[in-house]
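Below is one structure; the comments refer to it alone.
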Amino acid sequence: MKEFLNVLRRFVPPYKKYLVMSVVFNILSAILNIFSFAALIPILDIIFKTGDTEKATALMAWNWSQAETVLMNNMNFYVNQLIGAVGHTTTLLVIGIFLAVMTALKTGAYFLSSATIIPIRTGVVRDIRNQLYQKITSLPLGFFSEERKGDIIARMSGDVQEVENSIMASLEMLFKNPILIVAYFSMLLFVSWQLTIFTLVIVPVMGWFMGWIGRKLKAQSVKAQSLWSDTMSQVEETLGGLRIIKAFCAEDRMNARFDRTNSAYRNDIMRVNIRQSSAHPMSEFLGTVMIVIVLWFGGVLVLNYKTLSGPVFIYYMVMLYSIINPLKDLSKASYSIPKGLASMERIDKILMAENSIKEAAHPRHISSFDHQIEFRNVSFRYGEKWVLRNINLTIPKGKTIAIVGQSGSGKSTLVDLIPRYYDVQEGEVLIDGINVKELGIHDLRQLIGNVNQEAILFNDSFRNNIAFGTPCPPLSDTVAASHFPEAPTASDSSIAEAARIANAYDFIMASEHGFDTNIGDRGGRLSGGQRQRVSIARAILKNPPILILDEATSALDTESEHLVQDALERLMKTRTTVAIAHRLSTIRNADEIVVLHEGKIVERGTHDELLMANGYYKKLHEMQKA
């Protein structure tokens, strides 16, 4: 219960007005229900002619110590007066109409109490998804190198859905049923405290049994949700590697692998659902047993001790049966809530994940790059493995610096330190003499444009992909985000000019809808060279003073490489460029070439100087020529 209340404290406060309205309507519904069923007492008196009505010959003054007697006497007095005026059958009709009207009011209040819970339920689920997405976009890249994408997708889809189906679906019963139980229980005490105390001996036994099963269910749910993540991870891997699966004729192997995980998930979720499905029949049986025992004890009070009349005992039993349904719903919640809490634990592993890239308490804001980028005694490691050691490098404004070296030498890690995708463990990275840790993160990254080996594009139009780095108007809470990304503020002419500079304008205009043509998932409708030129156009439109090129032409054919290289040269003009190069022929004209080997700078100089030095760079050069 503590975990459940903690979830409510975190997500329900923005919707407290709906919660208050729901509680008010639930109280009203309970009161109307009590008084509507009270009409049964005179109806039974009239039908079975018990004589209780005729005994009330005068109104009694109110007395708290005899409240039950006063209420019954005065109600019977008015019914007796009505019988004398219109007769027994007409009195039955009048009381029946009263019962129908009270029931209509009760059901109306019940509907309103349910309707006011729906904004809470749907709003909390939306907020959890938004928080998850915002957390995903804010976490450092290092977090995702240790997490599977399929597992993250499973938490955002399956786990959030389970929270909605379990915890949020239980909100109504948890804010309605306690009110009904308290109201009905108070009436039971008022009618017969002896019978009610006897009933209380039985109820805790049922509650303990339901709680024991609920604790068992939560442990099963955690395991089942973990297996669901494995299933989603395998689907994600399969979609990403479908070409390789087909090339190696590994369909049967992958099908068998998926079947093992899927079957394990099925077996666990089957056990969870079987246990959950036992809630209703078990509560039904225990409720019937309780009714039978109470019926026997109440019969003793009516027949032997005369402390209850027959009609009042029937009313008591109706109230007791009314309290059983809320108790059943609570028993269902004791099953479903642990499933939701198990999913919430998995969601919190993302929501509560620590972001190691922290903004300074009072960040320094810059809007321009004026002098140089400097790596000063920089060392960096992943876990316990050092990737970079004692890097000292200065990149003056307007210069092109190329970084080369074998795979795993730390080239990509080095450039990732500039925009703070990672933070150094030793030394510091400075821009214009300011440690990047002291700068506002968005200010820093606004100065930098990226063109990567793999052109990362979105399932949207050419226009929105090119304008991706331009500011967007804020999205109103009342407007659904139906398109991603939102409409950019860049003009059509500037987008078109960026495409021309990137050698992308002609093939964009040759497409079906020009700049409004959708390029497919990750740009799948385009060739590799076209994707790369669109990403270059995106960097051109952003117009950053610092440009990072991460092997931007290494995966292209000769013709595409020529077009992309031409676009890059236009982009690099008047900019400070840090280029990671795989093909050494593309960096001949760099102002300085830095050679990395096993995380250390082993050589530096121009292309010609490094060839004359007859060192590691020349070895790389000769290997590529061969």
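Going through the structure tokens in order, the chains are called A, B, and so on, while each chain numbers its residues from 1 and the ligands are numbered from 1 in the order shown.
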
Please provide as a PDB file with C-alpha atoms, in the first residue's frame all residues within 8 Å of range 118-134 of chain A, with the sequence filter that same-chain residues fewer than 5 positions apart are discarded (counting only C-alpha atoms).
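Result written to around_28.pdb:
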ATOM      1  CA  PHE A  11       1.196  11.751 -10.305  1.00  0.00           C
ATOM      2  CA  VAL A  12      -2.304  12.576  -9.007  1.00  0.00           C
ATOM      3  CA  TYR A  15      -5.793  16.397 -11.007  1.00  0.00           C
ATOM      4  CA  TYR A  18     -11.311  15.894 -10.274  1.00  0.00           C
ATOM      5  CA  LEU A  19     -10.492  13.755  -7.245  1.00  0.00           C
ATOM      6  CA  MET A 156       7.278   2.725 -22.403  1.00  0.00           C
ATOM      7  CA  VAL A 160       2.917   1.931 -18.956  1.00  0.00           C
ATOM      8  CA  VAL A 163       0.078   0.755 -14.981  1.00  0.00           C
ATOM      9  CA  GLU A 164      -3.024   2.059 -16.753  1.00  0.00           C
ATOM     10  CA  MET A 168      -5.182   3.666 -12.830  1.00  0.00           C
ATOM     11  CA  ALA A 169      -8.110   1.302 -13.420  1.00  0.00           C
ATOM     12  CA  LEU A 171      -8.462   4.470  -8.896  1.00  0.00           C
ATOM     13  CA  ILE A 347       9.482   2.407 -15.295  1.00  0.00           C
ATOM     14  CA  ILE A 350      14.419   5.002 -16.239  1.00  0.00           C
ATOM     15  CA  LEU A 351      12.666   7.873 -14.440  1.00  0.00           C
TER      16      LEU A 351
END

Legend entry - 7 Å contact set for range 263-267 of chain A, only C-alpha atoms, chain neighbours under 4 positions out, as number ranges by chain: A: 224, 227-228, 259, 271

Legend entry - Counting only C-alpha atoms, the residue of A:Tyr315, A:Gly523, A:Lys349, A:Arg570 that sits nearest Asp151 in chain A: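 Using only C-alpha atoms, Asp151 in chain A sits closest to A:Lys349.
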
Legend entry - Nearby residues (only C-alpha atoms) at most 8 Å from Lys149 in chain A, same-chain spacing under 5 positions excluded, as a PyMOL selection string: chain A and resi 144+233+236

Long-range neighbours of Ser113 in chain A as an mmCIF file with N, CA and C atoms, in the first residue's frame, 6 Å cut-off, only C-alpha atoms, 5 positions minimum in chain:
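The result, stored in result_1.cif:
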data_model
loop_
_atom_site.group_PDB
_atom_site.id
_atom_site.type_symbol
_atom_site.label_atom_id
_atom_site.label_comp_id
_atom_site.auth_asym_id
_atom_site.auth_seq_id
_atom_site.Cartn_x
_atom_site.Cartn_y
_atom_site.Cartn_z
ATOM 1 N N SER A 22 -14.963 13.625 -7.521
ATOM 2 C CA SER A 22 -15.312 12.206 -7.477
ATOM 3 C C SER A 22 -15.700 11.784 -6.063
ATOM 4 N N PHE A 25 -19.238 13.142 -5.227
ATOM 5 C CA PHE A 25 -20.299 12.380 -5.891
ATOM 6 C C PHE A 25 -20.432 10.976 -5.309
ATOM 7 N N ASN A 26 -19.305 10.398 -4.894
ATOM 8 C CA ASN A 26 -19.371 9.076 -4.266
ATOM 9 C C ASN A 26 -20.098 9.130 -2.926
#

Legend entry - Between CA of Ser412 in chain A and CA of Arg389 in chain A - distance in Å to one decimal: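 Interatomic distance, CA of Arg389 in chain A to CA of Ser412 in chain A: 14.3 Å.
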
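The interatomic distance for the pair CA of His582 in chain A and CA of Gly408 in chain A works out to 12.3 Å.
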
Legend entry - Members of range 193-398 of chain A assigned helix (DSSP H, G or I) by DSSP, as a ChimeraX atom specification: /A:193-200,203-240,242-247,251-277,279-303,310-351

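Note that the spacing between CA of Asn355 in chain A and CA of Leu417 in chain A amounts to 15.8 Å.
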
Legend entry - Among listed residues A:Ser356, A:Asn63, A:Ser493, A:Asn255, nearest Leu139 in chain A (using only C-alpha atoms):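 For Leu139 in chain A, the nearest of the given residues is A:Ser356.
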
Inset, instruction - For Asn459 in chain A, work out the shell of residues within 8 Å, counting only C-alpha atoms and skipping chain neighbours fewer than 2 positions away, then give it as a PyMOL selection string. - result: chain A and resi 457+461+518-523

Inset, instruction - Considering only C-alpha atoms, return as a PyMOL selection string whatever protein or nucleic-acid residues lie within 10 Å of range 173-177 of chain A, sequence-local ones (same chain, fewer than 6 positions apart) excluded. - result: chain A and resi 19-20+22-27+29-30+110+113-114+117+167+183+323+325-330+332-333

Legend entry - Within 12 Å of Glu354 in chain A using only C-alpha atoms, minus same-chain residues under 5 positions, as a list in words: Lys135, Ile136, Ser138, Leu139, Pro140, Gly142, Phe143, Asp348 and Lys349 of chain A

Legend entry - From A:Leu301, A:Met319, A:Ala39, A:Val595, residue lying nearest Phe190 in chain A [only C-alpha atoms]: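 Closest candidate: A:Met319.
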
Inset, instruction - Based on DSSP run over this structure's backbone, return all residues of range 226-414 of chain A in strand (DSSP E), as a ChimeraX atom specification. - result: /A:372-382,385-396,400-404

Legend entry - Pick from A:Glu284, A:Glu428, A:Glu172, A:Glu454 nearest to Asn390 in chain A, counting only C-alpha atoms: A:Glu428
